[in-house]
Amino acid sequence: MSSSASTSSSASGRPVGRLDGAAPQAAPSARTAAGSPVSVVIVPGWRDSGPGHWQSLWAERLPGARRVVQDDWVTPARAPWVAALERTVLEAPHPVVLVAHSLGCITATHMGEPAAARVQGALLVAPADPERRAVLSDFAPVPYAPLPYRSILVASSNDPYCPIRLAGAYARAWGSEFVRLPQAGHVNVDSGHGEWPLGWALLHSLVDGAEWGLGQGATETRSAA
């Protein structure tokens with residue numbers, strides 16, 4: 001395993017940090033530059049992310065990455081899920097970049113202080129609509145307030161867990177940069193996303209701030225093949 005590093009700027013123009021890890025094939029490698037390190041926190045969704053899921057594969061490539069572990073993955077409840085995320089964030093040694101999928105995205109939006117203040121960026125992939133399935137209903141209503149950190153929201157045009165229009169509404173409310181994927185399902189193993197090089201590139205762009213640097217609170221819609 002090889003390692004590389006990159007830096008980014010927050011909305012204020014301050015460095016967000018350095019991302020360590022090896023890029024999978026076809027994804028850009030991180031760039032070495034000055035800046036303090038960041039801790040990547042993996043936030044899986046309902047039923048966790050299995051060994052072939054991109055979250056699990058990325059965790060293996062990112063030295064020091066932390067993964068949120070829930071006591072009950074099958075019947076999620078908001079309070080313990082949020083508490084587990086907040087605990088993981090507060091235990092991280094450096095400012096945090098979240099990598100969340102599905103219900104993990106919604107869990108992140110429910111996070112409060114002081115944990116939220118430690119987050120400097122978030123990649124929010126295929127956020128779930130908790131009102132579509134009774135088992136997820138404890139996470140409703142979803143907060144519709146700007147996130148206090150830079151975020152990129154990635155959604156699919158045919159996600160069975162969240163209509164693309166709702167995902168766009170989330171992005172506008174949270175101040176997230178919006179990336180629309182055509183026919184990508186729930187962006188998981190079932191929809192053919194293993195290493196998912198595009199997502200890895202988005203994570204690097206979130207940390208290095210070069211390609212997607214719109215600034216906190218800005219929203220831009222982009223389509224990706």
# chains A, B, ... in the order shown; residues from 1 in each chain; ligands from 1
>>> residues_around(residues="region 151-155 of chain A", least_positions_apart="2", cutoff="7 Å", atoms="only C-alpha atoms", output="VMD selection string")
chain A and resid 121 to 126 149 157 164 167 171 176 to 181
>>> write_last_selection(atoms="N, CA and C atoms", output="CSV table (one decimal), in the first residue's frame")
chain,number,residue,atom,x,y,z
A,121,GLY,N,-15.6,18.8,6.7
A,121,GLY,CA,-16.1,18.5,5.4
A,121,GLY,C,-16.8,17.2,5.5
A,122,ALA,N,-17.7,17.0,4.5
A,122,ALA,CA,-18.5,15.7,4.4
A,122,ALA,C,-18.8,15.4,3.0
A,123,LEU,N,-18.6,14.1,2.7
A,123,LEU,CA,-19.1,13.5,1.4
A,123,LEU,C,-20.3,12.7,1.7
A,124,LEU,N,-21.5,13.2,1.3
A,124,LEU,CA,-22.8,12.6,1.6
A,124,LEU,C,-23.3,11.9,0.4
A,125,VAL,N,-23.3,10.6,0.4
A,125,VAL,CA,-23.6,9.8,-0.8
A,125,VAL,C,-25.0,9.1,-0.6
A,126,ALA,N,-25.9,9.3,-1.6
A,126,ALA,CA,-27.2,8.6,-1.6
A,126,ALA,C,-27.9,8.7,-0.3
A,149,TYR,N,-20.3,23.1,7.8
A,149,TYR,CA,-19.0,22.7,7.1
A,149,TYR,C,-19.3,22.4,5.7
A,157,SER,N,-30.2,9.2,-10.0
A,157,SER,CA,-31.5,9.5,-10.7
A,157,SER,C,-32.5,8.4,-10.4
A,164,ILE,N,-34.6,11.8,-6.7
A,164,ILE,CA,-33.6,12.7,-7.0
A,164,ILE,C,-34.0,14.2,-6.6
A,167,ALA,N,-33.4,14.6,-3.0
A,167,ALA,CA,-31.9,14.8,-2.8
A,167,ALA,C,-31.5,16.2,-3.1
A,171,ALA,N,-29.8,19.0,-0.7
A,171,ALA,CA,-28.5,19.8,-1.1
A,171,ALA,C,-28.7,21.3,-0.9
A,176,SER,N,-25.1,22.1,0.3
A,176,SER,CA,-24.1,21.2,-0.3
A,176,SER,C,-23.9,21.3,-1.8
A,177,GLU,N,-22.8,21.1,-2.3
A,177,GLU,CA,-22.5,20.9,-3.7
A,177,GLU,C,-23.2,19.6,-4.2
A,178,PHE,N,-24.0,19.7,-5.2
A,178,PHE,CA,-24.8,18.6,-5.7
A,178,PHE,C,-24.3,17.9,-6.9
A,179,VAL,N,-24.0,16.6,-6.8
A,179,VAL,CA,-23.6,15.8,-7.9
A,179,VAL,C,-24.6,14.8,-8.3
A,180,ARG,N,-25.1,14.9,-9.5
A,180,ARG,CA,-26.2,14.0,-9.9
A,180,ARG,C,-25.6,12.8,-10.8
A,181,LEU,N,-25.9,11.6,-10.4
A,181,LEU,CA,-25.4,10.4,-11.1
A,181,LEU,C,-26.6,9.8,-11.9
>>> select_by_dssp(residues="region 124-165 of chain A", states="helix (DSSP H, G or I)", output="ChimeraX atom specification")
/A:134-139,164-165
>>> closest_residue(among="A:Val99, A:Trp58, A:Pro114, A:Asp138", to="Pro80 (chain A)", atoms="only C-alpha atoms")
A:Asp138
>>> closest_residue(among="A:Leu198, A:Ala140, A:Val187, A:Met111", to="Tyr161 (chain A)", atoms="only C-alpha atoms")
A:Val187
>>> select_by_dssp(residues="region 22-169 of chain A", states="strand (DSSP E)", output="list in words")
Ser39, Val40, Val41, Ile42, Val43, Arg66, Arg67, Val96, Val97, Leu98, Val99, Ala100, His101, Val119, Gln120, Gly121, Ala122, Leu123, Leu124, Val125, Arg150, Ser151, Ile152, Leu153, Val154, Ala155 and Ser156 of chain A
>>> closest_atom_pairs(of="region 84-117 of chain A", to="region 70-74 of chain A", cutoff="12 Å", atoms="only C-alpha atoms", output="CSV")
residue,atom,partner,partner_atom,distance
A:Ala84,CA,A:Gln70,CA,6.6
A:Leu85,CA,A:Gln70,CA,8.6
A:Glu86,CA,A:Gln70,CA,11.8
A:Arg87,CA,A:Gln70,CA,11.2
A:Thr88,CA,A:Gln70,CA,10.8
A:Leu103,CA,A:Trp73,CA,10.6
A:Gly104,CA,A:Gln70,CA,10.7
A:Thr107,CA,A:Gln70,CA,11.5
>>> write_last_selection(atoms="N, CA and C atoms", output="JSON list (two decimals), in the first residue's frame")
[["chain", "number", "residue", "atom", "x", "y", "z"],
["A", 84, "ALA", "N", -23.38, 7.44, 18.66],
["A", 84, "ALA", "CA", -22.21, 6.69, 18.20],
["A", 84, "ALA", "C", -21.37, 7.51, 17.23],
["A", 85, "LEU", "N", -22.03, 8.25, 16.35],
["A", 85, "LEU", "CA", -21.31, 9.11, 15.42],
["A", 85, "LEU", "C", -20.58, 10.22, 16.17],
["A", 86, "GLU", "N", -21.27, 10.88, 17.08],
["A", 86, "GLU", "CA", -20.65, 11.97, 17.83],
["A", 86, "GLU", "C", -19.45, 11.47, 18.63],
["A", 87, "ARG", "N", -19.58, 10.30, 19.22],
["A", 87, "ARG", "CA", -18.47, 9.73, 19.99],
["A", 87, "ARG", "C", -17.27, 9.46, 19.10],
["A", 88, "THR", "N", -17.51, 8.92, 17.92],
["A", 88, "THR", "CA", -16.41, 8.63, 17.00],
["A", 88, "THR", "C", -15.73, 9.91, 16.54],
["A", 103, "LEU", "N", -28.48, 6.18, 5.19],
["A", 103, "LEU", "CA", -28.95, 6.70, 6.47],
["A", 103, "LEU", "C", -27.83, 7.36, 7.26],
["A", 104, "GLY", "N", -26.58, 7.02, 6.94],
["A", 104, "GLY", "CA", -25.46, 7.69, 7.59],
["A", 104, "GLY", "C", -25.44, 9.18, 7.31],
["A", 107, "THR", "N", -28.01, 10.69, 9.60],
["A", 107, "THR", "CA", -27.46, 10.68, 10.95],
["A", 107, "THR", "C", -26.53, 11.87, 11.15]]
>>> closest_residue(among="A:Ala169, A:Ile42, A:Val68, A:Cys162", to="His101 (chain A)", atoms="only C-alpha atoms")
A:Ile42
>>> residues_around(residues="Ala134 (chain A)", least_positions_apart="6", cutoff="12 Å", atoms="only C-alpha atoms", output="ChimeraX atom specification")
/A:75-77,140
>>> atom_distance(atom1="CA of Gly168 (chain A)", atom2="CA of His186 (chain A)")
15.1 Å
>>> residues_around(residues="Thr109 (chain A)", least_positions_apart="3", cutoff="8 Å", atoms="only C-alpha atoms", output="list in words")
Cys105, Ile106, Val142, Pro143 and Leu147 of chain A
>>> atom_distance(atom1="CA of Pro51 (chain A)", atom2="CA of Arg67 (chain A)")
12.8 Å
>>> atom_distance(atom1="CA of Asp48 (chain A)", atom2="CA of Arg172 (chain A)")
26.9 Å
